$ cat query12.csv   # CSV, C-alpha atoms
chain,number,residue,atom,x,y,z
J,132,ALA,CA,19.9,-7.5,12.8
J,133,GLN,CA,16.3,-8.1,12.0
J,134,SER,CA,13.9,-6.1,14.2
J,135,VAL,CA,11.6,-9.0,15.0
J,136,THR,CA,12.9,-12.5,14.6
J,137,GLN,CA,11.0,-15.8,14.4
J,138,LEU,CA,13.5,-18.5,14.0
J,139,ASP,CA,11.1,-21.4,13.4
J,140,SER,CA,9.5,-21.2,9.9
J,141,GLN,CA,7.3,-24.3,10.7
J,142,VAL,CA,6.4,-26.1,13.9
J,143,PRO,CA,4.7,-29.5,13.5
J,144,VAL,CA,2.9,-30.8,16.6
J,145,PHE,CA,0.4,-33.5,17.5
J,146,GLU,CA,-3.1,-32.5,18.7
J,147,GLU,CA,-3.3,-32.0,22.5
J,148,ALA,CA,0.5,-31.5,22.8
J,149,PRO,CA,2.0,-28.2,24.1
J,150,VAL,CA,3.6,-25.8,21.8
J,151,GLU,CA,5.9,-22.8,21.9
J,152,LEU,CA,6.4,-20.4,19.1
J,153,ARG,CA,9.5,-18.2,19.6
J,154,CYS,CA,9.9,-14.5,19.0
J,155,ASN,CA,12.8,-12.2,19.8
J,156,TYR,CA,12.9,-8.5,19.2
J,157,SER,CA,15.8,-6.0,18.8
J,158,SER,CA,16.5,-2.7,20.5
J,159,SER,CA,15.4,-0.9,17.2
J,160,VAL,CA,11.8,-1.5,18.0
J,161,SER,CA,9.6,-0.6,21.0
J,162,VAL,CA,8.4,-3.0,23.6
J,163,TYR,CA,4.8,-2.8,22.4
J,164,LEU,CA,4.6,-6.4,21.2
J,165,PHE,CA,1.9,-8.4,19.4
J,166,TRP,CA,1.0,-11.8,18.0
J,167,TYR,CA,-1.2,-11.9,14.9
J,168,VAL,CA,-2.6,-15.1,13.4
J,169,GLN,CA,-3.6,-15.9,9.9
J,170,TYR,CA,-5.9,-18.8,9.3
J,171,PRO,CA,-6.1,-20.4,5.9
J,172,ASN,CA,-7.8,-18.1,3.4
J,173,GLN,CA,-8.4,-15.4,6.0
J,174,GLY,CA,-6.8,-12.0,6.8
J,175,LEU,CA,-4.5,-11.5,9.7
J,176,GLN,CA,-6.1,-10.9,13.0
J,177,LEU,CA,-4.8,-9.9,16.4
J,178,LEU,CA,-4.3,-12.8,18.8
J,179,LEU,CA,-2.9,-10.9,21.8
J,180,LYS,CA,-0.7,-7.9,22.8
J,181,TYR,CA,1.6,-6.5,25.4
J,182,LEU,CA,1.6,-2.8,26.0
J,183,SER,CA,2.4,-2.5,29.7
J,184,GLY,CA,1.5,-4.0,33.0
J,185,SER,CA,1.6,-7.8,33.6
J,186,THR,CA,4.2,-9.5,31.5
J,187,LEU,CA,2.0,-12.5,30.9
J,188,VAL,CA,-0.9,-11.8,28.5
J,189,GLU,CA,-3.5,-14.3,27.3
J,190,SER,CA,-5.9,-14.7,24.4
J,191,ILE,CA,-9.5,-15.9,24.5
J,192,ASN,CA,-8.6,-19.3,22.9
J,193,GLY,CA,-6.0,-20.5,25.3
J,194,PHE,CA,-2.8,-19.0,24.0
J,195,GLU,CA,-0.5,-16.9,26.2
J,196,ALA,CA,2.7,-14.9,25.7
J,197,GLU,CA,5.2,-13.6,28.2
J,198,PHE,CA,7.2,-10.5,27.8
J,199,ASN,CA,10.8,-11.1,28.9
J,200,LYS,CA,12.9,-7.9,28.8
J,201,SER,CA,16.2,-9.5,29.8
J,202,GLN,CA,15.9,-12.1,27.0
J,203,THR,CA,14.2,-9.6,24.6
J,204,SER,CA,11.6,-12.3,23.9
J,205,PHE,CA,7.9,-12.6,23.5
J,206,HIS,CA,7.3,-16.3,23.0
J,207,LEU,CA,3.8,-17.7,22.4
J,208,ARG,CA,2.6,-20.8,24.2
J,209,LYS,CA,-0.4,-23.1,24.4
J,210,PRO,CA,-0.5,-26.1,26.7
J,211,SER,CA,-2.7,-28.2,24.5
J,212,VAL,CA,-3.3,-27.4,20.8
J,213,HIS,CA,-6.3,-28.3,18.6
J,214,ILE,CA,-6.4,-29.1,14.9
J,215,SER,CA,-8.1,-25.7,14.4
J,216,ASP,CA,-5.0,-23.9,15.7
J,217,THR,CA,-3.3,-24.7,12.4
J,218,ALA,CA,-2.4,-21.3,11.0
J,219,GLU,CA,0.5,-18.9,10.4
J,220,TYR,CA,1.5,-16.9,13.4
J,221,PHE,CA,3.3,-13.6,13.2
J,222,CYS,CA,5.1,-11.7,16.0
J,223,ALA,CA,5.1,-8.0,15.6
J,224,ALA,CA,6.3,-4.8,17.4
J,225,LEU,CA,5.6,-1.1,17.0
J,226,LYS,CA,8.6,0.7,15.5
J,227,GLY,CA,8.8,3.3,18.3
J,228,ASP,CA,7.0,4.5,21.3
J,229,SER,CA,4.9,6.9,19.4
J,230,SER,CA,4.8,5.1,16.1
J,231,TYR,CA,1.8,3.4,14.4
J,232,LYS,CA,4.1,1.3,12.2
J,233,LEU,CA,4.0,-2.4,12.9
J,234,ILE,CA,7.1,-4.4,12.2
J,235,PHE,CA,6.4,-8.1,11.6
J,236,GLY,CA,8.5,-11.2,11.9
J,237,SER,CA,8.7,-13.7,9.0
J,238,GLY,CA,6.1,-15.9,10.6
J,239,THR,CA,5.8,-19.5,11.9
J,240,ARG,CA,3.5,-22.0,10.4
J,241,LEU,CA,1.9,-24.1,13.1
J,242,LEU,CA,0.8,-27.5,11.7
J,243,VAL,CA,-1.3,-29.5,14.1
J,244,ARG,CA,-1.6,-33.2,13.3
J,245,PRO,CA,-4.2,-35.6,14.6
Q,1028,ASP,CA,-18.7,-3.9,11.4
Q,1029,THR,CA,-18.3,-5.2,7.9
Q,1030,GLY,CA,-14.6,-5.6,8.0
Q,1031,VAL,CA,-11.9,-4.3,5.7
Q,1032,SER,CA,-12.7,-4.9,2.1
Q,1033,GLN,CA,-10.1,-5.2,-0.7
Q,1034,ASN,CA,-10.6,-5.3,-4.4
Q,1035,PRO,CA,-9.7,-7.0,-6.6
Q,1036,ARG,CA,-8.8,-10.1,-4.7
Q,1037,HIS,CA,-6.6,-11.4,-7.6
Q,1038,LYS,CA,-4.9,-9.5,-10.4
Q,1039,ILE,CA,-2.8,-11.0,-13.2
Q,1040,THR,CA,-1.1,-8.5,-15.4
Q,1041,LYS,CA,1.7,-8.2,-17.9
Q,1042,ARG,CA,5.0,-6.5,-17.1
Q,1043,GLY,CA,4.8,-2.8,-17.8
Q,1044,GLN,CA,1.0,-2.4,-17.2
Q,1045,ASN,CA,-0.5,-0.3,-14.5
Q,1046,VAL,CA,-2.6,-1.8,-11.7
Q,1047,THR,CA,-4.8,-0.2,-9.0
Q,1048,PHE,CA,-6.0,-1.8,-5.8
Q,1049,ARG,CA,-8.8,-0.4,-3.6
Q,1050,CYS,CA,-9.3,-0.7,0.1
Q,1051,ASP,CA,-12.4,0.1,2.1
Q,1052,PRO,CA,-11.6,0.3,5.8
Q,1053,ILE,CA,-13.9,-0.2,8.7
Q,1054,SER,CA,-16.0,2.9,8.7
Q,1055,GLU,CA,-15.1,4.5,12.1
Q,1056,HIS,CA,-11.4,3.8,11.7
Q,1057,ASN,CA,-9.3,6.9,10.8
Q,1058,ARG,CA,-6.0,5.2,10.2
Q,1059,LEU,CA,-5.3,3.1,7.1
Q,1060,TYR,CA,-2.2,1.1,6.3
Q,1061,TRP,CA,-0.8,-0.7,3.2
Q,1062,TYR,CA,1.5,-3.7,3.6
Q,1063,ARG,CA,3.1,-6.0,1.1
Q,1064,GLN,CA,3.6,-9.7,1.8
Q,1065,THR,CA,5.7,-12.2,-0.3
Q,1066,LEU,CA,5.9,-15.9,0.1
Q,1067,GLY,CA,7.6,-17.0,3.3
Q,1068,GLN,CA,7.8,-13.5,4.7
Q,1069,GLY,CA,5.9,-11.4,7.1
Q,1070,PRO,CA,4.0,-8.3,6.0
Q,1071,GLU,CA,6.3,-5.3,5.1
Q,1072,PHE,CA,5.1,-1.8,5.8
Q,1073,LEU,CA,4.5,0.4,2.8
Q,1074,THR,CA,2.5,3.5,3.9
Q,1075,TYR,CA,0.1,4.8,6.4
Q,1076,PHE,CA,-2.7,7.4,6.4
Q,1077,GLN,CA,-4.4,9.3,9.2
Q,1078,ASN,CA,-7.6,10.5,7.7
Q,1079,GLU,CA,-6.6,11.8,4.3
Q,1080,ALA,CA,-3.0,12.6,5.2
Q,1081,GLN,CA,-0.3,10.3,4.2
Q,1082,LEU,CA,2.0,10.4,7.2
Q,1083,GLU,CA,4.7,7.8,6.5
Q,1084,LYS,CA,6.1,6.0,3.4
Q,1085,SER,CA,8.5,3.2,3.3
Q,1086,ARG,CA,11.6,3.2,1.2
Q,1087,LEU,CA,10.0,0.1,-0.4
Q,1088,LEU,CA,7.5,2.5,-2.0
Q,1089,SER,CA,9.4,3.5,-5.1
Q,1090,ASP,CA,8.2,6.3,-7.4
Q,1091,ARG,CA,6.2,3.7,-9.4
Q,1092,PHE,CA,3.9,3.3,-6.3
Q,1093,SER,CA,1.4,5.8,-5.2
Q,1094,ALA,CA,-1.3,5.7,-2.6
Q,1095,GLU,CA,-4.2,8.0,-2.0
Q,1096,ARG,CA,-7.0,8.4,0.5
Q,1097,PRO,CA,-8.8,11.4,-1.0
Q,1098,LYS,CA,-11.7,11.8,1.5
Q,1099,GLY,CA,-10.3,10.0,4.4
Q,1100,SER,CA,-12.4,6.9,3.7
Q,1101,PHE,CA,-11.4,4.4,1.0
Q,1102,SER,CA,-7.8,4.2,-0.3
Q,1103,THR,CA,-6.2,3.2,-3.6
Q,1104,LEU,CA,-2.7,1.8,-4.2
Q,1105,GLU,CA,-1.5,2.2,-7.8
Q,1106,ILE,CA,1.5,0.5,-9.3
Q,1107,GLN,CA,2.8,1.9,-12.6
Q,1108,ARG,CA,4.9,0.0,-15.1
Q,1109,THR,CA,4.7,-3.2,-13.1
Q,1110,GLU,CA,7.7,-5.4,-12.8
Q,1111,GLN,CA,7.9,-9.1,-11.9
Q,1112,GLY,CA,9.3,-8.2,-8.6
Q,1113,ASP,CA,6.0,-6.5,-7.7
Q,1114,SER,CA,4.3,-9.9,-7.5
Q,1115,ALA,CA,3.0,-10.1,-4.0
Q,1116,MET,CA,0.0,-10.0,-1.7
Q,1117,TYR,CA,-0.9,-6.4,-1.0
Q,1118,LEU,CA,-2.6,-6.0,2.4
Q,1119,CYS,CA,-4.7,-3.2,3.7
Q,1120,ALA,CA,-5.5,-2.6,7.3
Q,1121,SER,CA,-7.3,0.0,9.4
Q,1122,SER,CA,-7.3,1.0,13.1
Q,1123,ARG,CA,-9.0,3.2,15.6
Q,1124,GLU,CA,-7.5,6.0,17.6
Q,1125,ALA,CA,-4.8,4.9,20.1
Q,1126,GLY,CA,-5.2,4.1,23.7
Q,1127,GLU,CA,-6.4,0.5,24.3
Q,1128,SER,CA,-6.5,0.0,20.5
Q,1129,TYR,CA,-2.8,0.9,20.1
Q,1130,GLY,CA,-1.2,-1.4,17.5
Q,1131,GLU,CA,-4.5,-3.3,16.8
Q,1132,LEU,CA,-4.8,-3.5,13.1
Q,1133,PHE,CA,-7.8,-5.0,11.3
Q,1134,PHE,CA,-6.6,-6.5,8.0
Q,1135,GLY,CA,-8.4,-7.3,4.8
Q,1136,GLU,CA,-7.9,-10.6,3.0
Q,1137,GLY,CA,-5.5,-9.0,0.6
Q,1138,SER,CA,-5.1,-8.4,-3.1
Q,1139,ARG,CA,-2.8,-10.9,-4.9
Q,1140,LEU,CA,-0.8,-9.4,-7.8
Q,1141,THR,CA,0.9,-11.7,-10.3
Q,1142,VAL,CA,3.1,-9.9,-12.9
Q,1143,LEU,CA,3.9,-12.1,-15.9

$ encode --input "query12.csv" --output "structure tokens"
Amino acid sequence: AQSVTQLDSQVPVFEEAPVELRCNYSSSVSVYLFWYVQYPNQGLQLLLKYLSGSTLVESINGFEAEFNKSQTSFHLRKPSVHISDTAEYFCAALKGDSSYKLIFGSGTRLLVRP
Amino acid sequence: DTGVSQNPRHKITKRGQNVTFRCDPISEHNRLYWYRQTLGQGPEFLTYFQNEAQLEKSRLLSDRFSAERPKGSFSTLEIQRTEQGDSAMYLCASSREAGESYGELFFGEGSRLTVL
């Protein structure tokens, strides 16, 4: 089984609608979880991360993700998207508790339409 | 903070030729990573350095691939006898020490390789 799974390759949504990008992880990776975003013609950048503590983590631009151990999920949500949120979103996990190796999912392209 | 810089941004080469990519990390970062990304896939880990020491290599990194970080600053990734399957975007990233920065990688814009 893939270590980090993003089932949706593309998610089209209208501006100001809510969105959820799904991510599931396997037992072969740690529970240090991340979402990275890649805007058109830019490098990947960290959006948010879960290392410990509160299971709900937030980014500065309105995204949030919730670590759910029982469902082995780390879904990304935003209550109201903007055109500028159009990008590729990658879920990732560290390989092990003391590893610096990030394992990425295959990515979800969020396409926000006016 | 000038960001992670990668050169060249694009390289087109014929099968069998050698290519070299360079990565300049953020200056105070002691960890440096190489990833490969193909269309429709997420980045795949290739190798990782802490200062000048190469600490981990993926099985994806065949004997035609070699990476160096001679003085713990910039890094090079060389691919010898390129094959069409090597066509991909090669990404470099760097990071600080662990703690709050654990898992936070700063990526360059990548070097796209096309092997004809």

$ residues_around --input "query12.csv" --residues "stretch 1109-1122 of chain Q" --least-positions-apart "3" --cutoff "8 Å" --atoms "only C-alpha atoms" --output "MDAnalysis selection string"
chainID Q and resid 1031 1033 1041:1046 1050 1052:1053 1056:1066 1070 1091 1106 1128 1130:1143

$ closest_atom_pairs --input "query12.csv" --of "chain J" --to "chain Q" --cutoff "6 Å" --atoms "all atoms listed in the file" --output "Markdown table"
| residue | atom | partner | partner_atom | distance |
| --- | --- | --- | --- | --- |
| J:Gln173 | CA | Q:Glu1136 | CA | 5.7 |
| J:Gly174 | CA | Q:Glu1136 | CA | 4.2 |
| J:Leu175 | CA | Q:Phe1134 | CA | 5.7 |
| J:Phe235 | CA | Q:Gly1069 | CA | 5.6 |
| J:Gly236 | CA | Q:Gly1069 | CA | 5.5 |
| J:Ser237 | CA | Q:Gly1069 | CA | 4.1 |
| J:Gly238 | CA | Q:Gly1069 | CA | 5.7 |

$ atom_distance --input "query12.csv" --atom1 "atom CA of Q:Leu1088" --atom2 "atom CA of J:Thr136"
23.0 Å

$ closest_residue --input "query12.csv" --among "J:Leu179, J:Ala196, J:Ala224, J:Val150" --to "J:Ser134" --atoms "only C-alpha atoms"
J:Ala224

$ atom_distance --input "query12.csv" --atom1 "atom CA of Q:Thr1047" --atom2 "atom CA of Q:Phe1101"
12.8 Å

$ build_atoms --input "query12.csv" --residues "stretch 234-245 of chain J" --atoms "all heavy atoms" --output "PDB file, in the frame of the given file"
ATOM      1  N   ILE J 234       6.058  -3.640  12.802  1.00  0.00           N
ATOM      2  CA  ILE J 234       7.100  -4.400  12.200  1.00  0.00           C
ATOM      3  C   ILE J 234       6.855  -5.882  12.447  1.00  0.00           C
ATOM      4  O   ILE J 234       6.748  -6.275  13.617  1.00  0.00           O
ATOM      5  CB  ILE J 234       8.502  -4.021  12.685  1.00  0.00           C
ATOM      6  CG1 ILE J 234       8.717  -2.507  12.595  1.00  0.00           C
ATOM      7  CG2 ILE J 234       9.593  -4.780  11.953  1.00  0.00           C
ATOM      8  CD1 ILE J 234       8.711  -1.963  11.196  1.00  0.00           C
ATOM      9  N   PHE J 235       6.747  -6.691  11.397  1.00  0.00           N
ATOM     10  CA  PHE J 235       6.400  -8.100  11.600  1.00  0.00           C
ATOM     11  C   PHE J 235       7.628  -9.002  11.420  1.00  0.00           C
ATOM     12  O   PHE J 235       8.559  -8.694  10.677  1.00  0.00           O
ATOM     13  CB  PHE J 235       5.383  -8.526  10.494  1.00  0.00           C
ATOM     14  CG  PHE J 235       3.994  -8.019  10.741  1.00  0.00           C
ATOM     15  CD1 PHE J 235       3.603  -6.768  10.282  1.00  0.00           C
ATOM     16  CD2 PHE J 235       3.068  -8.793  11.432  1.00  0.00           C
ATOM     17  CE1 PHE J 235       2.319  -6.291  10.515  1.00  0.00           C
ATOM     18  CE2 PHE J 235       1.785  -8.334  11.663  1.00  0.00           C
ATOM     19  CZ  PHE J 235       1.409  -7.082  11.203  1.00  0.00           C
ATOM     20  N   GLY J 236       7.594 -10.129  12.131  1.00  0.00           N
ATOM     21  CA  GLY J 236       8.500 -11.200  11.900  1.00  0.00           C
ATOM     22  C   GLY J 236       8.141 -11.969  10.632  1.00  0.00           C
ATOM     23  O   GLY J 236       7.115 -11.674  10.006  1.00  0.00           O
ATOM     24  N   SER J 237       8.938 -12.964  10.284  1.00  0.00           N
ATOM     25  CA  SER J 237       8.700 -13.700   9.000  1.00  0.00           C
ATOM     26  C   SER J 237       7.634 -14.772   9.167  1.00  0.00           C
ATOM     27  O   SER J 237       7.250 -15.382   8.172  1.00  0.00           O
ATOM     28  CB  SER J 237      10.005 -14.324   8.546  1.00  0.00           C
ATOM     29  OG  SER J 237      10.547 -15.139   9.564  1.00  0.00           O
ATOM     30  N   GLY J 238       7.157 -15.002  10.377  1.00  0.00           N
ATOM     31  CA  GLY J 238       6.100 -15.900  10.600  1.00  0.00           C
ATOM     32  C   GLY J 238       6.478 -17.345  10.888  1.00  0.00           C
ATOM     33  O   GLY J 238       7.565 -17.795  10.520  1.00  0.00           O
ATOM     34  N   THR J 239       5.617 -18.037  11.620  1.00  0.00           N
ATOM     35  CA  THR J 239       5.800 -19.500  11.900  1.00  0.00           C
ATOM     36  C   THR J 239       4.528 -20.192  11.598  1.00  0.00           C
ATOM     37  O   THR J 239       3.447 -19.813  12.081  1.00  0.00           O
ATOM     38  CB  THR J 239       6.130 -19.666  13.428  1.00  0.00           C
ATOM     39  OG1 THR J 239       7.349 -19.010  13.757  1.00  0.00           O
ATOM     40  CG2 THR J 239       6.244 -21.161  13.736  1.00  0.00           C
ATOM     41  N   ARG J 240       4.661 -21.211  10.764  1.00  0.00           N
ATOM     42  CA  ARG J 240       3.500 -22.000  10.400  1.00  0.00           C
ATOM     43  C   ARG J 240       3.327 -23.120  11.438  1.00  0.00           C
ATOM     44  O   ARG J 240       4.210 -23.977  11.588  1.00  0.00           O
ATOM     45  CB  ARG J 240       3.626 -22.598   9.012  1.00  0.00           C
ATOM     46  CG  ARG J 240       2.429 -23.445   8.580  1.00  0.00           C
ATOM     47  CD  ARG J 240       2.507 -23.776   7.096  1.00  0.00           C
ATOM     48  NE  ARG J 240       2.451 -22.579   6.273  1.00  0.00           N
ATOM     49  CZ  ARG J 240       1.334 -21.939   5.945  1.00  0.00           C
ATOM     50  NH1 ARG J 240       0.163 -22.369   6.382  1.00  0.00           N
ATOM     51  NH2 ARG J 240       1.385 -20.876   5.170  1.00  0.00           N
ATOM     52  N   LEU J 241       2.219 -23.079  12.170  1.00  0.00           N
ATOM     53  CA  LEU J 241       1.900 -24.100  13.100  1.00  0.00           C
ATOM     54  C   LEU J 241       1.040 -25.168  12.445  1.00  0.00           C
ATOM     55  O   LEU J 241      -0.035 -24.847  11.927  1.00  0.00           O
ATOM     56  CB  LEU J 241       1.169 -23.547  14.346  1.00  0.00           C
ATOM     57  CG  LEU J 241       0.697 -24.563  15.390  1.00  0.00           C
ATOM     58  CD1 LEU J 241       1.876 -25.293  16.016  1.00  0.00           C
ATOM     59  CD2 LEU J 241      -0.134 -23.871  16.472  1.00  0.00           C
ATOM     60  N   LEU J 242       1.528 -26.393  12.403  1.00  0.00           N
ATOM     61  CA  LEU J 242       0.800 -27.500  11.700  1.00  0.00           C
ATOM     62  C   LEU J 242       0.446 -28.507  12.804  1.00  0.00           C
ATOM     63  O   LEU J 242       1.320 -29.192  13.344  1.00  0.00           O
ATOM     64  CB  LEU J 242       1.695 -28.098  10.664  1.00  0.00           C
ATOM     65  CG  LEU J 242       1.094 -29.240   9.853  1.00  0.00           C
ATOM     66  CD1 LEU J 242      -0.171 -28.805   9.144  1.00  0.00           C
ATOM     67  CD2 LEU J 242       2.117 -29.773   8.852  1.00  0.00           C
ATOM     68  N   VAL J 243      -0.825 -28.595  13.120  1.00  0.00           N
ATOM     69  CA  VAL J 243      -1.300 -29.500  14.100  1.00  0.00           C
ATOM     70  C   VAL J 243      -1.815 -30.779  13.475  1.00  0.00           C
ATOM     71  O   VAL J 243      -2.723 -30.717  12.635  1.00  0.00           O
ATOM     72  CB  VAL J 243      -2.407 -28.888  15.018  1.00  0.00           C
ATOM     73  CG1 VAL J 243      -2.842 -29.863  16.115  1.00  0.00           C
ATOM     74  CG2 VAL J 243      -1.916 -27.577  15.627  1.00  0.00           C
ATOM     75  N   ARG J 244      -1.246 -31.897  13.870  1.00  0.00           N
ATOM     76  CA  ARG J 244      -1.600 -33.200  13.300  1.00  0.00           C
ATOM     77  C   ARG J 244      -2.445 -34.014  14.237  1.00  0.00           C
ATOM     78  O   ARG J 244      -2.228 -33.948  15.445  1.00  0.00           O
ATOM     79  CB  ARG J 244      -0.339 -33.956  12.910  1.00  0.00           C
ATOM     80  CG  ARG J 244       0.501 -33.262  11.860  1.00  0.00           C
ATOM     81  CD  ARG J 244       1.889 -33.869  11.755  1.00  0.00           C
ATOM     82  NE  ARG J 244       2.628 -33.292  10.633  1.00  0.00           N
ATOM     83  CZ  ARG J 244       3.937 -33.399  10.474  1.00  0.00           C
ATOM     84  NH1 ARG J 244       4.668 -34.069  11.362  1.00  0.00           N
ATOM     85  NH2 ARG J 244       4.551 -32.868   9.442  1.00  0.00           N
ATOM     86  N   PRO J 245      -3.385 -34.814  13.707  1.00  0.00           N
ATOM     87  CA  PRO J 245      -4.200 -35.600  14.600  1.00  0.00           C
ATOM     88  C   PRO J 245      -3.448 -36.807  15.188  1.00  0.00           C
ATOM     89  O   PRO J 245      -2.395 -37.172  14.692  1.00  0.00           O
ATOM     90  CB  PRO J 245      -5.337 -36.141  13.655  1.00  0.00           C
ATOM     91  CG  PRO J 245      -4.782 -36.015  12.295  1.00  0.00           C
ATOM     92  CD  PRO J 245      -3.782 -34.891  12.305  1.00  0.00           C
TER      93      PRO J 245
END
